[in-house]
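Undergrad: My file is start32.pdb. It has PDB, C-alpha atoms, pLDDT in the B column:
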```
ATOM      1  CA  MET A   1     163.391 169.001 116.798  1.00 41.00           C
ATOM      2  CA  SER A   2     164.007 172.000 114.577  1.00 67.00           C
ATOM      3  CA  LYS A   3     167.154 172.414 112.540  1.00 94.00           C
ATOM      4  CA  THR A   4     169.741 174.710 114.147  1.00 95.00           C
ATOM      5  CA  LEU A   5     172.736 176.601 112.796  1.00 97.00           C
ATOM      6  CA  VAL A   6     175.513 178.217 114.822  1.00 97.00           C
ATOM      7  CA  THR A   7     177.126 181.089 112.915  1.00 98.00           C
ATOM      8  CA  TYR A   8     180.043 183.105 114.167  1.00 98.00           C
ATOM      9  CA  PHE A   9     182.535 185.859 113.415  1.00 97.00           C
ATOM     10  CA  SER A  10     185.830 185.505 115.250  1.00 96.00           C
ATOM     11  CA  ALA A  11     188.614 188.073 114.961  1.00 91.00           C
ATOM     12  CA  SER A  12     191.111 186.269 117.190  1.00 89.00           C
ATOM     13  CA  GLY A  13     189.829 182.705 117.549  1.00 91.00           C
ATOM     14  CA  VAL A  14     188.139 183.093 120.942  1.00 93.00           C
ATOM     15  CA  THR A  15     184.596 183.278 119.566  1.00 95.00           C
ATOM     16  CA  ALA A  16     185.346 180.391 117.188  1.00 96.00           C
ATOM     17  CA  LYS A  17     186.086 178.149 120.192  1.00 94.00           C
ATOM     18  CA  ALA A  18     182.826 179.138 121.879  1.00 94.00           C
ATOM     19  CA  ALA A  19     180.857 178.581 118.647  1.00 95.00           C
ATOM     20  CA  LYS A  20     182.348 175.132 118.101  1.00 94.00           C
ATOM     21  CA  ALA A  21     181.572 174.126 121.694  1.00 92.00           C
ATOM     22  CA  LEU A  22     178.000 175.380 121.358  1.00 93.00           C
ATOM     23  CA  ALA A  23     177.443 173.603 118.025  1.00 94.00           C
ATOM     24  CA  ALA A  24     178.763 170.342 119.472  1.00 92.00           C
ATOM     25  CA  ALA A  25     176.661 170.638 122.641  1.00 89.00           C
ATOM     26  CA  ILE A  26     173.384 171.255 120.806  1.00 90.00           C
ATOM     27  CA  ASN A  27     174.138 169.119 117.728  1.00 92.00           C
ATOM     28  CA  ALA A  28     173.922 172.087 115.345  1.00 95.00           C
ATOM     29  CA  ASP A  29     175.573 172.869 112.030  1.00 97.00           C
ATOM     30  CA  LEU A  30     178.385 175.441 112.046  1.00 97.00           C
ATOM     31  CA  TYR A  31     179.078 178.386 109.714  1.00 97.00           C
ATOM     32  CA  GLU A  32     181.880 180.954 109.921  1.00 97.00           C
ATOM     33  CA  ILE A  33     181.103 184.571 109.004  1.00 98.00           C
ATOM     34  CA  ARG A  34     184.274 185.730 107.268  1.00 97.00           C
ATOM     35  CA  PRO A  35     185.109 189.303 106.281  1.00 96.00           C
ATOM     36  CA  GLU A  36     185.890 189.797 102.600  1.00 96.00           C
ATOM     37  CA  THR A  37     189.065 191.554 103.737  1.00 94.00           C
ATOM     38  CA  PRO A  38     190.464 189.779 106.813  1.00 93.00           C
ATOM     39  CA  TYR A  39     191.260 191.933 109.835  1.00 91.00           C
ATOM     40  CA  THR A  40     194.905 192.476 110.658  1.00 91.00           C
ATOM     41  CA  LYS A  41     196.244 193.037 114.150  1.00 91.00           C
ATOM     42  CA  ALA A  42     196.523 196.762 113.321  1.00 90.00           C
ATOM     43  CA  ASP A  43     192.878 196.768 112.133  1.00 90.00           C
ATOM     44  CA  LEU A  44     191.816 195.451 115.532  1.00 90.00           C
ATOM     45  CA  ASN A  45     193.772 197.993 117.593  1.00 88.00           C
ATOM     46  CA  TRP A  46     190.897 199.580 119.496  1.00 82.00           C
ATOM     47  CA  THR A  47     193.271 202.141 121.085  1.00 86.00           C
ATOM     48  CA  ASP A  48     193.943 203.611 117.628  1.00 90.00           C
ATOM     49  CA  LYS A  49     190.984 205.792 116.694  1.00 89.00           C
ATOM     50  CA  SER A  50     191.913 205.482 113.006  1.00 86.00           C
ATOM     51  CA  SER A  51     192.100 201.663 112.989  1.00 92.00           C
ATOM     52  CA  ARG A  52     189.664 199.808 110.750  1.00 91.00           C
ATOM     53  CA  SER A  53     187.626 198.400 113.630  1.00 89.00           C
ATOM     54  CA  SER A  54     187.405 201.797 115.334  1.00 89.00           C
ATOM     55  CA  ALA A  55     186.301 203.478 112.102  1.00 90.00           C
ATOM     56  CA  GLU A  56     183.640 200.820 111.487  1.00 90.00           C
ATOM     57  CA  MET A  57     182.276 200.996 115.008  1.00 89.00           C
ATOM     58  CA  ASN A  58     182.162 204.795 114.954  1.00 91.00           C
ATOM     59  CA  ASP A  59     180.013 204.727 111.804  1.00 93.00           C
ATOM     60  CA  PRO A  60     176.557 203.211 112.473  1.00 87.00           C
ATOM     61  CA  SER A  61     176.027 202.773 108.717  1.00 93.00           C
ATOM     62  CA  SER A  62     179.245 200.764 108.280  1.00 95.00           C
ATOM     63  CA  ARG A  63     178.632 197.351 106.740  1.00 96.00           C
ATOM     64  CA  PRO A  64     181.936 195.529 106.164  1.00 96.00           C
ATOM     65  CA  ALA A  65     181.693 193.121 103.236  1.00 96.00           C
ATOM     66  CA  ILE A  66     181.489 189.423 104.010  1.00 97.00           C
ATOM     67  CA  ALA A  67     183.111 186.626 102.021  1.00 95.00           C
ATOM     68  CA  GLY A  68     180.462 184.298 100.690  1.00 87.00           C
ATOM     69  CA  ASN A  69     176.726 184.320 100.915  1.00 87.00           C
ATOM     70  CA  ASP A  70     176.221 180.602 101.388  1.00 92.00           C
ATOM     71  CA  ALA A  71     175.035 180.061 104.954  1.00 94.00           C
ATOM     72  CA  GLY A  72     171.818 178.389 103.754  1.00 94.00           C
ATOM     73  CA  ILE A  73     169.719 180.237 106.327  1.00 96.00           C
ATOM     74  CA  GLU A  74     166.541 179.101 104.564  1.00 95.00           C
ATOM     75  CA  ASN A  75     167.261 175.546 105.809  1.00 95.00           C
ATOM     76  CA  TYR A  76     167.179 176.450 109.509  1.00 97.00           C
ATOM     77  CA  ASP A  77     164.571 177.403 112.101  1.00 96.00           C
ATOM     78  CA  THR A  78     166.986 178.649 114.751  1.00 96.00           C
ATOM     79  CA  VAL A  79     170.200 180.542 114.063  1.00 98.00           C
ATOM     80  CA  PHE A  80     172.741 181.369 116.757  1.00 97.00           C
ATOM     81  CA  VAL A  81     174.947 184.331 115.858  1.00 98.00           C
ATOM     82  CA  GLY A  82     178.254 184.649 117.692  1.00 97.00           C
ATOM     83  CA  PHE A  83     180.787 187.461 117.804  1.00 96.00           C
ATOM     84  CA  PRO A  84     183.234 189.300 120.037  1.00 95.00           C
ATOM     85  CA  ILE A  85     181.802 192.361 121.772  1.00 93.00           C
ATOM     86  CA  TRP A  86     183.235 195.552 120.275  1.00 90.00           C
ATOM     87  CA  TRP A  87     182.328 198.848 121.949  1.00 84.00           C
ATOM     88  CA  TYR A  88     179.544 197.154 123.975  1.00 85.00           C
ATOM     89  CA  VAL A  89     177.754 195.797 120.882  1.00 89.00           C
ATOM     90  CA  ALA A  90     178.219 193.352 118.019  1.00 94.00           C
ATOM     91  CA  PRO A  91     180.741 194.325 115.328  1.00 95.00           C
ATOM     92  CA  THR A  92     179.023 195.886 112.316  1.00 95.00           C
ATOM     93  CA  ILE A  93     179.974 192.863 110.190  1.00 96.00           C
ATOM     94  CA  ILE A  94     177.212 191.054 112.105  1.00 97.00           C
ATOM     95  CA  ASN A  95     174.694 193.582 110.765  1.00 97.00           C
ATOM     96  CA  THR A  96     176.065 192.882 107.274  1.00 97.00           C
ATOM     97  CA  PHE A  97     175.506 189.158 107.804  1.00 97.00           C
ATOM     98  CA  LEU A  98     171.970 189.552 109.174  1.00 98.00           C
ATOM     99  CA  GLU A  99     170.993 191.960 106.387  1.00 97.00           C
ATOM    100  CA  SER A 100     172.274 189.500 103.766  1.00 97.00           C
ATOM    101  CA  TYR A 101     169.548 186.938 104.490  1.00 97.00           C
ATOM    102  CA  ASP A 102     165.823 186.759 105.189  1.00 96.00           C
ATOM    103  CA  PHE A 103     165.343 185.787 108.831  1.00 97.00           C
ATOM    104  CA  SER A 104     161.548 186.175 108.759  1.00 97.00           C
ATOM    105  CA  GLY A 105     159.912 183.582 110.985  1.00 97.00           C
ATOM    106  CA  LYS A 106     163.238 182.349 112.335  1.00 97.00           C
ATOM    107  CA  THR A 107     164.585 182.470 115.864  1.00 97.00           C
ATOM    108  CA  VAL A 108     167.883 184.353 116.177  1.00 98.00           C
ATOM    109  CA  VAL A 109     169.973 183.930 119.321  1.00 97.00           C
ATOM    110  CA  PRO A 110     173.072 186.087 119.783  1.00 97.00           C
ATOM    111  CA  PHE A 111     176.037 184.942 121.836  1.00 96.00           C
ATOM    112  CA  ALA A 112     179.292 186.725 122.418  1.00 96.00           C
ATOM    113  CA  THR A 113     182.727 186.678 123.931  1.00 94.00           C
ATOM    114  CA  SER A 114     184.184 189.658 125.709  1.00 91.00           C
ATOM    115  CA  GLY A 115     187.301 190.601 127.583  1.00 82.00           C
ATOM    116  CA  GLY A 116     185.480 192.885 129.960  1.00 81.00           C
ATOM    117  CA  SER A 117     181.988 194.014 129.039  1.00 82.00           C
ATOM    118  CA  GLY A 118     178.548 192.467 128.892  1.00 84.00           C
ATOM    119  CA  MET A 119     176.125 192.270 125.976  1.00 89.00           C
ATOM    120  CA  GLY A 120     175.395 195.996 126.294  1.00 84.00           C
ATOM    121  CA  ARG A 121     172.892 197.252 123.697  1.00 88.00           C
ATOM    122  CA  THR A 122     173.565 194.366 121.324  1.00 92.00           C
ATOM    123  CA  ASN A 123     169.977 193.272 120.722  1.00 92.00           C
ATOM    124  CA  GLU A 124     168.809 196.844 120.318  1.00 92.00           C
ATOM    125  CA  LYS A 125     171.433 197.393 117.610  1.00 92.00           C
ATOM    126  CA  LEU A 126     170.812 194.047 115.875  1.00 95.00           C
ATOM    127  CA  ARG A 127     166.998 194.085 115.841  1.00 96.00           C
ATOM    128  CA  PRO A 128     166.649 196.351 112.747  1.00 96.00           C
ATOM    129  CA  SER A 129     168.989 194.051 110.800  1.00 97.00           C
ATOM    130  CA  CYS A 130     166.774 190.974 111.152  1.00 97.00           C
ATOM    131  CA  PRO A 131     163.171 192.141 110.658  1.00 97.00           C
ATOM    132  CA  GLY A 132     160.561 189.447 111.110  1.00 97.00           C
ATOM    133  CA  ALA A 133     162.818 187.293 113.269  1.00 98.00           C
ATOM    134  CA  LYS A 134     162.255 186.389 116.890  1.00 97.00           C
ATOM    135  CA  LEU A 135     165.405 187.839 118.478  1.00 96.00           C
ATOM    136  CA  LEU A 136     166.066 186.200 121.834  1.00 95.00           C
ATOM    137  CA  PRO A 137     168.255 187.623 124.617  1.00 90.00           C
ATOM    138  CA  GLY A 138     171.944 186.999 124.110  1.00 89.00           C
ATOM    139  CA  LYS A 139     174.506 185.441 126.397  1.00 91.00           C
ATOM    140  CA  LEU A 140     178.221 185.785 126.980  1.00 92.00           C
ATOM    141  CA  LEU A 141     180.059 182.511 126.444  1.00 92.00           C
ATOM    142  CA  ASN A 142     183.402 183.384 127.976  1.00 88.00           C
ATOM    143  CA  GLY A 143     185.896 180.806 129.150  1.00 80.00           C
ATOM    144  CA  ARG A 144     185.260 177.114 129.243  1.00 80.00           C
ATOM    145  CA  ILE A 145     181.520 176.466 129.359  1.00 82.00           C
ATOM    146  CA  SER A 146     180.306 172.932 129.965  1.00 85.00           C
ATOM    147  CA  GLU A 147     177.915 171.113 127.680  1.00 84.00           C
ATOM    148  CA  GLN A 148     175.514 170.927 130.623  1.00 86.00           C
ATOM    149  CA  GLU A 149     175.570 174.738 131.047  1.00 87.00           C
ATOM    150  CA  LEU A 150     174.922 175.224 127.320  1.00 85.00           C
ATOM    151  CA  LYS A 151     172.002 172.789 127.353  1.00 82.00           C
ATOM    152  CA  LYS A 152     170.563 174.511 130.436  1.00 87.00           C
ATOM    153  CA  TRP A 153     170.753 177.836 128.564  1.00 87.00           C
ATOM    154  CA  MET A 154     168.846 176.263 125.633  1.00 85.00           C
ATOM    155  CA  GLU A 155     166.163 174.994 127.973  1.00 87.00           C
ATOM    156  CA  GLY A 156     165.841 178.454 129.520  1.00 88.00           C
ATOM    157  CA  LEU A 157     165.312 179.903 126.053  1.00 87.00           C
ATOM    158  CA  GLY A 158     162.649 177.300 125.318  1.00 86.00           C
ATOM    159  CA  LEU A 159     164.725 175.686 122.579  1.00 84.00           C
TER     160      LEU A 159
END
```
Translate the structure described by the file into structure tokens.
TA:
Amino acid sequence: MSKTLVTYFSASGVTAKAAKALAAAINADLYEIRPETPYTKADLNWTDKSSRSSAEMNDPSSRPAIAGNDAGIENYDTVFVGFPIWWYVAPTIINTFLESYDFSGKTVVPFATSGGSGMGRTNEKLRPSCPGAKLLPGKLLNGRISEQELKKWMEGLGL
């Protein structure tokens, strides 16, 4: 079996729970994508058009800095990338993460948590950030998902 890594960015802890459950279910290593400057509650206020998260998501070229560059992507064949859905796509810090490594020849599988929307145009927006990778369709992992459901998802992806 190929070596698998579950990476995730979690602003409030919800995505972290999903990532940890996924990693445990598929026996994968775990890596947290951390912003160089942590997000405050005010930064995450999506109703404030001048909040940090709103400004980043309104600027397609925004690439928030990440803390560390030590995910060891070169050691893995399959990399799951988890995040909360912001404005129907992945937060731009996910683009920063993907653009920080060479994913050529690797399989990248997005997963997300969301309070009310689906995956939207996530793959379309992430594809340019991981050239040479096989980018599989993503999945929402909201709520409590059983190990059996996660394994069934893996089988459906051919992993």
Undergrad: Considering only C-alpha atoms, can you say which of A:Val79, A:Ala55, A:Ala19, A:Val109 comes closest to Asn142 (chain A)?
TA: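 The shortest atom-to-atom distance to Asn142 (chain A) comes from A:Ala19.
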Undergrad: Please determine, counting only C-alpha atoms, which residue among A:Val6, A:Ser117, A:Pro60, A:Leu98 has the shortest atom-to-atom distance to Ala21 (chain A).
TA: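 Using only C-alpha atoms, the shortest distance to Ala21 (chain A) belongs to A:Val6.
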Undergrad: Measuring atom to atom with only C-alpha atoms, identify which of A:Thr7, A:Thr92, A:Thr47, A:Asn69 is nearest to Ser129 (chain A).
TA: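 Of the candidates, the smallest distance to Ser129 (chain A) is held by A:Thr92.
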Undergrad: Just checking: using all atoms listed in the file, which residue out of A:Gly132, A:Gly115, A:Pro64, A:Gly105 ends up closest to Pro91 (chain A)?
TA: A:Pro64
Undergrad: Go through A:Thr4, A:Glu56, A:Lys41, A:Gly156 and flag the residue nearest Ala24 (chain A), using only C-alpha atoms for the distances.
TA: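 Of the candidates, the smallest distance to Ala24 (chain A) is held by A:Thr4.
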Undergrad: Specify as a ChimeraX atom specification each residue included when the PyMOL selection byres ((chain A and resi 114) around 8) is applied to this file.
TA: /A:84-85,112-113,115-118,140,142
Undergrad: Using the file's own x, y and z axes, so that the box edges lie along x, y and z, what centre and edge lengths in Å (one decimal) does a box around every listed atom of region 53-67 of chain A get when 3 Å is added on each side? Give it as AutoDock Vina command-line options.
TA:
```
--center_x 181.8 --center_y 195.7 --center_z 108.7 --size_x 17.6 --size_y 24.2 --size_z 19.3
```
